[in-house]
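Structure data (TSV, C-alpha atoms and all ligand atoms) from input.tsv:
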```
chain	number	residue	atom	x	y	z
A	1	MET	CA	119.70	23.08	76.90
A	2	SER	CA	123.28	23.59	75.71
A	3	VAL	CA	124.52	26.59	73.81
A	4	GLU	CA	127.21	25.95	71.21
A	5	THR	CA	130.14	28.32	71.22
A	6	PRO	CA	131.85	29.18	67.92
A	7	ALA	CA	134.70	26.84	68.96
A	8	SER	CA	132.39	23.88	69.53
A	9	LEU	CA	130.61	24.68	66.28
A	10	PHE	CA	133.99	24.49	64.55
A	11	ARG	CA	134.72	21.10	66.16
A	12	THR	CA	131.37	19.68	64.98
A	13	LEU	CA	131.64	21.15	61.49
A	14	PRO	CA	132.79	17.91	59.77
A	15	ALA	CA	129.86	15.97	61.28
A	16	ASN	CA	127.45	18.72	60.26
A	17	LEU	CA	128.82	18.68	56.72
A	18	GLN	CA	128.29	14.90	56.63
A	19	LYS	CA	124.68	15.40	57.71
A	20	MET	CA	124.21	18.06	55.05
A	21	GLY	CA	125.62	15.67	52.45
A	22	ARG	CA	123.18	12.95	53.53
A	23	TRP	CA	120.30	15.45	53.28
A	24	LEU	CA	121.35	16.56	49.79
A	25	ARG	CA	121.70	12.94	48.63
A	26	ARG	CA	118.22	12.18	49.98
A	27	GLY	CA	116.88	15.15	48.07
A	28	SER	CA	118.43	13.98	44.85
A	29	ALA	CA	117.07	10.45	45.39
A	30	ALA	CA	113.57	11.93	45.51
A	31	GLU	CA	114.32	13.61	42.21
A	32	ASN	CA	115.08	10.22	40.63
A	33	ASP	CA	111.39	9.60	40.01
A	34	PRO	CA	110.72	8.84	36.33
A	35	PRO	CA	110.48	12.05	34.27
A	36	GLY	CA	107.03	13.56	34.25
A	37	SER	CA	105.96	11.84	37.45
A	38	ARG	CA	106.52	11.80	41.18
A	39	ARG	CA	105.12	10.39	44.40
A	40	PHE	CA	102.92	12.12	46.94
A	41	LEU	CA	104.52	14.65	49.28
A	42	THR	CA	105.84	13.17	52.52
A	43	GLN	CA	105.68	14.75	55.97
A	44	GLU	CA	109.46	15.29	55.85
A	45	GLN	CA	109.21	17.13	52.54
A	46	PHE	CA	106.38	19.24	53.92
A	47	GLN	CA	108.55	20.10	56.92
A	48	GLU	CA	111.31	21.25	54.57
A	49	GLU	CA	108.77	23.63	53.02
A	50	LEU	CA	107.94	24.96	56.49
A	51	VAL	CA	111.65	25.64	57.03
A	52	VAL	CA	111.70	27.64	53.78
A	53	ILE	CA	108.75	29.84	54.81
A	54	GLY	CA	109.96	30.18	58.41
A	55	LEU	CA	107.28	28.15	60.23
A	56	SER	CA	109.14	24.91	60.94
A	57	ASP	CA	109.41	25.06	64.71
A	58	GLN	CA	106.55	27.27	65.79
A	59	PRO	CA	102.82	26.88	66.29
A	60	PHE	CA	100.68	28.35	63.52
A	61	GLY	CA	97.15	28.35	62.20
A	62	PRO	CA	95.76	28.72	58.68
A	63	MET	CA	96.04	32.53	58.73
A	64	GLN	CA	99.72	32.48	59.75
A	65	TYR	CA	100.36	29.82	57.08
A	66	ALA	CA	98.59	32.00	54.49
A	67	GLY	CA	100.71	35.02	55.51
A	68	ALA	CA	104.01	33.12	55.33
A	69	LEU	CA	103.09	31.46	52.04
A	70	GLY	CA	102.00	34.78	50.51
A	71	ARG	CA	105.24	36.47	51.57
A	72	TYR	CA	107.30	33.67	50.04
A	73	LEU	CA	105.35	33.59	46.77
A	74	GLY	CA	105.05	37.37	46.52
A	75	LEU	CA	101.26	37.14	46.47
A	76	THR	CA	98.52	38.83	48.43
A	77	ILE	CA	96.38	36.05	49.89
A	78	SER	CA	93.01	37.08	51.27
A	79	VAL	CA	90.71	34.77	53.21
A	80	ASP	CA	86.96	35.32	53.31
A	81	ILE	CA	84.91	33.36	55.81
A	82	ILE	CA	81.43	34.01	54.44
A	83	PRO	CA	78.43	34.00	56.81
A	84	ASP	CA	76.13	31.43	55.16
A	85	THR	CA	72.96	33.05	56.43
A	86	ALA	CA	73.79	36.20	54.46
A	87	HIS	CA	75.01	34.28	51.39
A	88	PRO	CA	73.13	30.94	51.20
A	89	LEU	CA	73.89	30.65	47.47
A	90	LEU	CA	77.62	30.27	48.15
A	91	SER	CA	77.12	27.19	50.34
A	92	ARG	CA	74.77	25.71	47.74
A	93	GLU	CA	77.26	26.38	44.94
A	94	LEU	CA	80.12	24.76	46.88
A	95	ALA	CA	77.91	21.80	47.85
A	96	ARG	CA	76.97	21.31	44.20
A	97	LYS	CA	80.68	21.12	43.34
A	98	GLY	CA	81.24	18.68	46.20
A	99	VAL	CA	83.76	20.92	47.97
A	100	THR	CA	83.79	22.84	51.25
A	101	GLY	CA	85.90	25.78	50.05
A	102	GLU	CA	87.45	27.37	47.03
A	103	ILE	CA	90.60	29.25	46.06
A	104	ARG	CA	90.76	31.69	43.16
A	105	TYR	CA	94.01	32.95	41.70
A	106	ARG	CA	94.65	36.04	39.58
A	107	ALA	CA	98.11	35.89	38.06
A	108	ASP	CA	97.77	39.41	36.61
A	109	LEU	CA	97.09	40.88	40.06
A	110	ASP	CA	99.40	38.57	42.08
A	111	ARG	CA	96.42	37.76	44.30
A	112	ALA	CA	94.83	34.61	45.65
A	113	HIS	CA	91.46	34.56	47.35
A	114	VAL	CA	90.20	31.74	49.58
A	115	ILE	CA	86.48	31.46	50.29
A	116	VAL	CA	84.95	29.22	52.92
A	117	PRO	CA	81.48	29.18	54.49
A	118	GLY	CA	81.46	30.28	58.12
A	119	SER	CA	79.03	27.53	59.11
A	120	LEU	CA	81.78	24.88	58.97
A	121	PRO	CA	82.77	23.45	62.37
A	122	PRO	CA	86.16	24.86	63.57
A	123	PHE	CA	88.22	21.78	62.63
A	124	ALA	CA	86.60	21.51	59.19
A	125	LEU	CA	87.11	25.24	58.66
A	126	ALA	CA	90.83	25.04	59.49
A	127	PHE	CA	91.27	21.88	57.38
A	128	THR	CA	89.46	23.46	54.42
A	129	LEU	CA	91.57	26.62	54.58
A	130	LEU	CA	94.79	24.58	54.74
A	131	HIS	CA	93.59	22.34	51.89
A	132	GLU	CA	92.93	25.36	49.64
A	133	LEU	CA	96.26	26.96	50.57
A	134	GLY	CA	97.91	23.59	49.86
A	135	HIS	CA	96.82	23.90	46.22
A	136	LEU	CA	98.64	27.23	46.08
A	137	ALA	CA	101.80	25.82	47.72
A	138	ALA	CA	101.80	22.91	45.26
A	139	GLY	CA	101.47	25.19	42.24
A	140	ASP	CA	98.17	23.54	41.26
A	141	LEU	CA	96.68	26.92	40.41
A	142	PHE	CA	99.21	27.39	37.62
A	143	VAL	CA	97.86	24.31	35.81
A	144	ASP	CA	95.96	25.05	32.63
A	145	PRO	CA	92.48	23.53	33.14
A	146	CYS	CA	92.49	22.53	29.46
A	147	ASP	CA	95.42	20.15	30.02
A	148	VAL	CA	94.57	16.49	29.70
A	149	ASP	CA	93.49	14.65	32.84
A	150	LEU	CA	95.70	11.59	32.32
A	151	LEU	CA	94.19	8.32	33.43
A	152	SER	CA	96.57	5.42	32.80
A	153	VAL	CA	99.76	5.54	34.81
A	154	THR	CA	101.56	2.95	36.88
A	155	SER	CA	101.57	3.44	40.64
A	156	PRO	CA	103.44	4.60	42.75
A	157	PHE	CA	104.69	7.18	40.22
A	158	LEU	CA	101.98	9.68	39.42
A	159	PRO	CA	102.00	11.90	36.33
A	160	THR	CA	102.89	15.56	36.69
A	161	LEU	CA	102.49	18.55	34.42
A	162	GLU	CA	104.89	21.23	33.29
A	163	VAL	CA	103.52	24.61	34.33
A	164	PRO	CA	104.51	28.18	33.42
A	165	HIS	CA	107.62	29.37	35.22
A	166	LYS	CA	105.99	30.69	38.38
A	167	LYS	CA	107.43	30.71	41.87
A	168	ARG	CA	106.26	27.60	43.71
A	169	LEU	CA	106.89	26.43	47.23
A	170	ALA	CA	106.78	22.75	46.29
A	171	ARG	CA	109.90	21.22	44.79
A	172	GLY	CA	107.87	18.84	42.62
A	173	LEU	CA	105.58	19.73	39.73
A	174	PRO	CA	101.79	19.69	40.13
A	175	PHE	CA	100.05	16.40	39.39
A	176	ALA	CA	98.31	15.93	36.06
A	177	ARG	CA	95.26	14.22	37.52
A	178	ILE	CA	92.76	16.30	39.47
A	179	GLY	CA	92.21	13.44	41.93
A	180	ASP	CA	95.93	13.31	42.75
A	181	ARG	CA	96.04	17.08	43.27
A	182	GLU	CA	93.06	16.87	45.62
A	183	HIS	CA	94.57	13.97	47.57
A	184	GLU	CA	97.85	15.81	48.03
A	185	ALA	CA	96.03	18.99	49.13
A	186	ASP	CA	94.36	16.83	51.81
A	187	LEU	CA	97.78	15.47	52.82
A	188	ARG	CA	99.17	19.00	53.04
A	189	ALA	CA	96.23	20.10	55.18
A	190	GLY	CA	96.79	17.19	57.57
A	191	TYR	CA	100.55	17.79	57.78
A	192	ALA	CA	100.01	21.53	58.34
A	193	PHE	CA	97.34	21.01	60.96
A	194	VAL	CA	99.58	18.69	63.02
A	195	ALA	CA	102.71	20.83	62.54
A	196	GLY	CA	100.82	24.00	63.45
A	197	CYS	CA	99.37	22.44	66.62
A	198	LEU	CA	102.68	20.95	67.82
A	199	GLY	CA	105.08	23.77	66.95
A	200	SER	CA	108.54	23.02	68.34
A	201	GLU	CA	107.22	19.75	69.84
A	202	ASN	CA	106.65	18.39	66.35
A	203	PRO	CA	109.05	15.44	65.93
A	204	TYR	CA	109.48	16.30	62.26
A	205	ALA	CA	110.61	19.83	63.20
A	206	GLN	CA	113.14	18.35	65.63
A	207	ARG	CA	114.42	15.99	62.96
A	208	MET	CA	115.07	19.00	60.74
A	209	TYR	CA	117.74	20.02	63.24
A	210	ASP	CA	119.30	16.55	62.95
A	211	ILE	CA	119.28	16.79	59.18
A	212	LEU	CA	120.59	20.34	58.98
A	301	ZN	ZN	90.93	20.91	46.51
```

Here is the file; what I need is its structure written in the form of structure tokens.
Amino acid sequence: MSVETPASLFRTLPANLQKMGRWLRRGSAAENDPPGSRRFLTQEQFQEELVVIGLSDQPFGPMQYAGALGRYLGLTISVDIIPDTAHPLLSRELARKGVTGEIRYRADLDRAHVIVPGSLPPFALAFTLLHELGHLAAGDLFVDPCDVDLLSVTSPFLPTLEVPHKKRLARGLPFARIGDREHEADLRAGYAFVAGCLGSENPYAQRMYDIL
């Protein structure tokens, strides 16, 4: 491992500025999606979010992700892993909805509450928690449920919705279609699970250093 002195940092400054320029241009290219639409989040974009909340190069689990996300958004995020034997109705209610967990958001209290049944196997439990937190990171919880669920749009650009001016982690707007929001929450859960397991060994975290 080499340690850069201020002098060597100064020598490499032009190259670093070039890299920064490339990164900024890439960012603006992503913003060239047609107005009111965007594509699904990529692993690189997710890694940029991890940089913002301070988890890019370290191992983390769903609880650490919830803590970092809550600090960034200025929200209290509580996680309840409910013992199914004591609350069988919860599992039945979730099963009826076809989901394995749920997140509730109270804008007036600056609180978000994730609920998952404790009977889920460990991997499914972690994935479900990260999926629900992914909705919060994407700003999906700011979407008015009365907004139209648009159906006819040309791929690969997917319709998005304007939402009230709330602090979001995601750079893009939430998707208009529920199915797209669910798919991206699954993507976020997968990205987070891998990034959290690999920590500094994550190749995407290492590429952040190249970019920045
Ligand atoms: Zn979901």

From the options A:Pro122, A:Gly172, A:Pro145, A:Gly101, which residue's atoms come nearest to ligand ZN 301 (chain A), counting all atoms listed in the file?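 Counting all atoms listed in the file, the residue closest to ligand ZN 301 (chain A) is A:Gly101.
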
Quick one: residues within 12 Å of segment 194-196 of chain A, only C-alpha atoms counted, chain neighbours fewer than 2 positions away excluded, as a ChimeraX atom specification? /A:43-44,46-51,55-65,123,126-127,130,187-192,198-206

Go ahead and save the residues from that selection, with C-alpha atoms, as a short mmCIF file (atom, residue, chain, number, x, y, z; two decimals), keeping the file's coordinate frame.
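File produced: result-v1.cif:
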```
data_model
loop_
_atom_site.label_atom_id
_atom_site.label_comp_id
_atom_site.auth_asym_id
_atom_site.auth_seq_id
_atom_site.Cartn_x
_atom_site.Cartn_y
_atom_site.Cartn_z
CA GLN A 43 105.68 14.75 55.97
CA GLU A 44 109.46 15.29 55.85
CA PHE A 46 106.38 19.24 53.92
CA GLN A 47 108.55 20.10 56.92
CA GLU A 48 111.31 21.25 54.57
CA GLU A 49 108.77 23.63 53.02
CA LEU A 50 107.94 24.96 56.49
CA VAL A 51 111.65 25.64 57.03
CA LEU A 55 107.28 28.15 60.23
CA SER A 56 109.14 24.91 60.94
CA ASP A 57 109.41 25.06 64.71
CA GLN A 58 106.55 27.27 65.79
CA PRO A 59 102.82 26.88 66.29
CA PHE A 60 100.68 28.35 63.52
CA GLY A 61 97.15 28.35 62.20
CA PRO A 62 95.76 28.72 58.68
CA MET A 63 96.04 32.53 58.73
CA GLN A 64 99.72 32.48 59.75
CA TYR A 65 100.36 29.82 57.08
CA PHE A 123 88.22 21.78 62.63
CA ALA A 126 90.83 25.04 59.49
CA PHE A 127 91.27 21.88 57.38
CA LEU A 130 94.79 24.58 54.74
CA LEU A 187 97.78 15.47 52.82
CA ARG A 188 99.17 19.00 53.04
CA ALA A 189 96.23 20.10 55.18
CA GLY A 190 96.79 17.19 57.57
CA TYR A 191 100.55 17.79 57.78
CA ALA A 192 100.01 21.53 58.34
CA LEU A 198 102.68 20.95 67.82
CA GLY A 199 105.08 23.77 66.95
CA SER A 200 108.54 23.02 68.34
CA GLU A 201 107.22 19.75 69.84
CA ASN A 202 106.65 18.39 66.35
CA PRO A 203 109.05 15.44 65.93
CA TYR A 204 109.48 16.30 62.26
CA ALA A 205 110.61 19.83 63.20
CA GLN A 206 113.14 18.35 65.63
#
```

Between chain A and ligand ZN 301 (chain A), at 7 Å or less, what are the per-residue closest atom pairs and their distances in Å? Count all atoms listed in the file, order by chain and rising residue number, and return it as CSV.
```
residue,atom,partner,partner_atom,distance
A:His131,CA,A:ZN301,ZN,6.2
A:Glu132,CA,A:ZN301,ZN,5.8
A:His135,CA,A:ZN301,ZN,6.6
A:Glu182,CA,A:ZN301,ZN,4.7
A:Ala185,CA,A:ZN301,ZN,6.0
```

Expressed in Å to a single decimal, how great is the separation between atom CA of Leu109 of chain A and atom CA of Arg181 of chain A?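 We find that atom CA of Leu109 of chain A and atom CA of Arg181 of chain A lie 24.0 Å from each other.
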
Using atom CA of Leu173 of chain A and atom CA of Leu125 of chain A as the two end points, give the distance in Å to one decimal.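 Pair atom CA of Leu173 of chain A / atom CA of Leu125 of chain A returns 27.0 Å.
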
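Take the candidates A:Asp80, A:Asp144, A:Asp33, A:Glu93 and check each one against Val114 of chain A using only C-alpha atoms; the shortest distance goes to A:Asp80.
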
Counting only C-alpha atoms, which residues have an atom no more than 9 Å from (96.6, 38.1, 51.3) in the file's coordinates? Please list them as number ranges by chain. A: 66-67, 70-71, 75-79, 111-113

Mind dumping the selected residues with C-alpha atoms as a PDB file, in the frame of the given file?
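Dumped everything to result.pdb:
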```
ATOM      1  CA  ALA A  66      98.590  32.000  54.490  1.00  0.00           C
ATOM      2  CA  GLY A  67     100.710  35.020  55.510  1.00  0.00           C
ATOM      3  CA  GLY A  70     102.000  34.780  50.510  1.00  0.00           C
ATOM      4  CA  ARG A  71     105.240  36.470  51.570  1.00  0.00           C
ATOM      5  CA  LEU A  75     101.260  37.140  46.470  1.00  0.00           C
ATOM      6  CA  THR A  76      98.520  38.830  48.430  1.00  0.00           C
ATOM      7  CA  ILE A  77      96.380  36.050  49.890  1.00  0.00           C
ATOM      8  CA  SER A  78      93.010  37.080  51.270  1.00  0.00           C
ATOM      9  CA  VAL A  79      90.710  34.770  53.210  1.00  0.00           C
ATOM     10  CA  ARG A 111      96.420  37.760  44.300  1.00  0.00           C
ATOM     11  CA  ALA A 112      94.830  34.610  45.650  1.00  0.00           C
ATOM     12  CA  HIS A 113      91.460  34.560  47.350  1.00  0.00           C
TER      13      HIS A 113
END
```

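Taking atom CA of Ile53 of chain A as the reference point, atom CA of Leu129 of chain A is found at 17.5 Å.
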